file model33.txt (compact mmCIF, C-alpha atoms and all ligand atoms)
# COMPACT_ATOMS: atom_id res chain seq x y z
CA MET H 166 9.09 55.57 97.24
CA LYS H 167 6.54 57.83 98.86
CA TYR H 168 5.08 61.19 98.13
CA LEU H 169 5.65 63.86 100.71
CA GLN H 170 3.73 67.08 101.10
CA VAL H 171 5.48 70.03 102.68
CA ARG H 172 3.58 72.71 104.56
CA GLY H 173 2.65 75.63 102.37
CA GLY H 174 3.62 73.79 99.23
CA GLN H 175 1.25 72.75 96.51
CA LYS H 176 3.52 70.09 95.14
CA LEU H 177 4.24 66.62 96.38
CA HIS H 178 7.87 65.68 96.69
CA LEU H 179 9.31 62.22 96.23
CA VAL H 180 11.17 60.49 99.03
CA MET H 181 12.68 57.05 99.36
CA GLU H 182 11.55 54.69 102.12
CA ALA H 183 13.51 52.53 104.54
CA GLY H 184 15.47 49.85 102.75
CA GLU H 185 15.43 51.68 99.43
CA GLU H 186 18.50 53.10 97.82
CA THR H 187 18.57 56.80 97.14
CA PRO H 188 19.84 58.25 93.87
CA ALA H 189 22.94 59.21 95.84
CA GLY H 190 23.56 55.55 96.66
CA ASP H 191 22.61 55.58 100.34
CA ILE H 192 20.34 52.91 101.81
CA ILE H 193 17.62 54.41 103.99
CA ARG H 194 17.69 53.04 107.53
CA ARG H 195 14.66 51.43 109.09
CA GLY H 196 12.25 54.00 110.48
CA TYR H 197 13.61 56.76 108.29
CA ILE H 198 12.80 58.31 104.97
CA SER H 199 15.13 60.18 102.67
CA ASN H 200 15.13 63.88 102.05
CA PRO H 201 13.03 64.89 99.07
CA LEU H 202 14.87 64.00 95.89
CA CYS H 203 15.03 67.68 94.92
CA ASN H 204 16.75 68.39 98.28
CA ARG H 205 14.02 70.67 99.54
CA PRO H 206 14.39 70.98 103.33
CA MET H 207 12.08 68.63 105.24
CA GLY H 208 11.22 71.01 108.09
CA ASP H 209 7.45 71.18 107.85
CA ILE H 210 6.07 67.89 106.70
CA ILE H 211 2.33 67.72 107.03
CA ARG H 212 1.53 64.36 105.52
CA MET H 213 2.66 61.56 103.33
CA THR H 214 0.63 59.82 100.73
CA ILE H 215 1.06 57.25 98.03
CA ASN H 216 -0.68 56.00 94.91
CA LEU H 217 -0.80 59.29 93.10
CA PRO H 218 0.32 59.82 89.54
CA LEU H 219 3.95 60.79 89.26
CA ALA H 220 2.83 63.78 87.22
CA ASN H 221 1.52 65.40 90.41
CA ALA H 222 4.95 65.46 91.99
CA CYS H 223 7.46 68.27 92.12
CA LYS H 224 9.18 68.66 88.76
CA ASN H 225 12.65 68.64 90.28
CA CYS H 226 11.91 65.44 92.16
CA GLN H 227 10.55 63.85 89.00
CA ARG H 228 13.67 64.74 87.09
CA VAL H 229 15.94 63.19 89.70
CA TYR H 230 13.75 60.12 89.99
CA ARG H 231 13.56 59.50 86.26
CA ALA H 232 17.29 59.91 85.80
CA TRP H 233 17.83 57.44 88.64
CA GLN H 234 15.40 54.95 87.11
CA ARG H 235 17.20 55.17 83.79
CA ARG H 236 20.46 54.37 85.53
CA GLN H 237 18.86 51.37 87.25
CA ASP H 238 17.42 50.09 83.98
CA GLY H 239 20.82 50.39 82.39
CA GLU H 240 22.43 48.04 84.88
ZN ZN O 1 10.70 68.08 95.11

call {"tool": "encode", "arguments": {"input": "model33.txt", "output": "structure tokens"}}
result
Amino acid sequence: MKYLQVRGGQKLHLVMEAGEETPAGDIIRRGYISNPLCNRPMGDIIRMTINLPLANACKNCQRVYRAWQRRQDGE
């Protein structure tokens, strides 16, 4: 998982990295990242960063991510 910042946006969005499974069940291909979990369009990416608290991320992305984690834990 990475954090993605979109141009003009204050919030960081969550994306899945190559080899990871998205909440929708797709595996991300090598060299690619997923769309933001909240489905915000990816048009104007300005940078990616990691190692930030989840609390700084977009609320919609957090909600999707947490629901997905709960499903994983339940398996
Ligand atoms: Zn988002």

call {"tool": "closest_atom_pairs", "arguments": {"input": "model33.txt", "of": "chain H", "to": "ligand ZN 1 (chain O)", "cutoff": "9 Å", "atoms": "all atoms listed in the file", "output": "CSV"}}
result
residue,atom,partner,partner_atom,distance
H:Leu169,CA,O:ZN1,ZN,8.6
H:Lys176,CA,O:ZN1,ZN,7.5
H:Leu177,CA,O:ZN1,ZN,6.7
H:His178,CA,O:ZN1,ZN,4.0
H:Leu179,CA,O:ZN1,ZN,6.1
H:Val180,CA,O:ZN1,ZN,8.6
H:Pro201,CA,O:ZN1,ZN,5.6
H:Leu202,CA,O:ZN1,ZN,5.9
H:Cys203,CA,O:ZN1,ZN,4.4
H:Asn204,CA,O:ZN1,ZN,6.8
H:Arg205,CA,O:ZN1,ZN,6.1
H:Ala222,CA,O:ZN1,ZN,7.0
H:Cys223,CA,O:ZN1,ZN,4.4
H:Lys224,CA,O:ZN1,ZN,6.6
H:Asn225,CA,O:ZN1,ZN,5.2
H:Cys226,CA,O:ZN1,ZN,4.1
H:Gln227,CA,O:ZN1,ZN,7.4
H:Val229,CA,O:ZN1,ZN,9.0

call {"tool": "atom_distance", "arguments": {"input": "model33.txt", "atom1": "CA of Gly196 in chain H", "atom2": "CA of Asn221 in chain H"}}
result
25.5 Å

call {"tool": "atom_distance", "arguments": {"input": "model33.txt", "atom1": "CA of Ile193 in chain H", "atom2": "CA of Leu219 in chain H"}}
result
21.1 Å

call {"tool": "atom_distance", "arguments": {"input": "model33.txt", "atom1": "CA of Glu182 in chain H", "atom2": "CA of Met166 in chain H"}}
result
5.5 Å

call {"tool": "residues_around", "arguments": {"input": "model33.txt", "residues": "Trp233 in chain H", "least_positions_apart": "3", "cutoff": "6 Å", "atoms": "only C-alpha atoms", "output": "PyMOL selection string"}}
result
chain H and resi 188+230+236

call {"tool": "residues_near_point", "arguments": {"input": "model33.txt", "point": "(19.4, 55.9, 85.5)", "cutoff": "12 Å", "atoms": "all atoms listed in the file", "output": "short mmCIF file (atom, residue, chain, number, x, y, z; two decimals) with C-alpha atoms, in the coordinates of the input"}}
result
data_model
loop_
_atom_site.label_atom_id
_atom_site.label_comp_id
_atom_site.auth_asym_id
_atom_site.auth_seq_id
_atom_site.Cartn_x
_atom_site.Cartn_y
_atom_site.Cartn_z
CA THR H 187 18.57 56.80 97.14
CA PRO H 188 19.84 58.25 93.87
CA ALA H 189 22.94 59.21 95.84
CA GLY H 190 23.56 55.55 96.66
CA ARG H 228 13.67 64.74 87.09
CA VAL H 229 15.94 63.19 89.70
CA TYR H 230 13.75 60.12 89.99
CA ARG H 231 13.56 59.50 86.26
CA ALA H 232 17.29 59.91 85.80
CA TRP H 233 17.83 57.44 88.64
CA GLN H 234 15.40 54.95 87.11
CA ARG H 235 17.20 55.17 83.79
CA ARG H 236 20.46 54.37 85.53
CA GLN H 237 18.86 51.37 87.25
CA ASP H 238 17.42 50.09 83.98
CA GLY H 239 20.82 50.39 82.39
CA GLU H 240 22.43 48.04 84.88
#
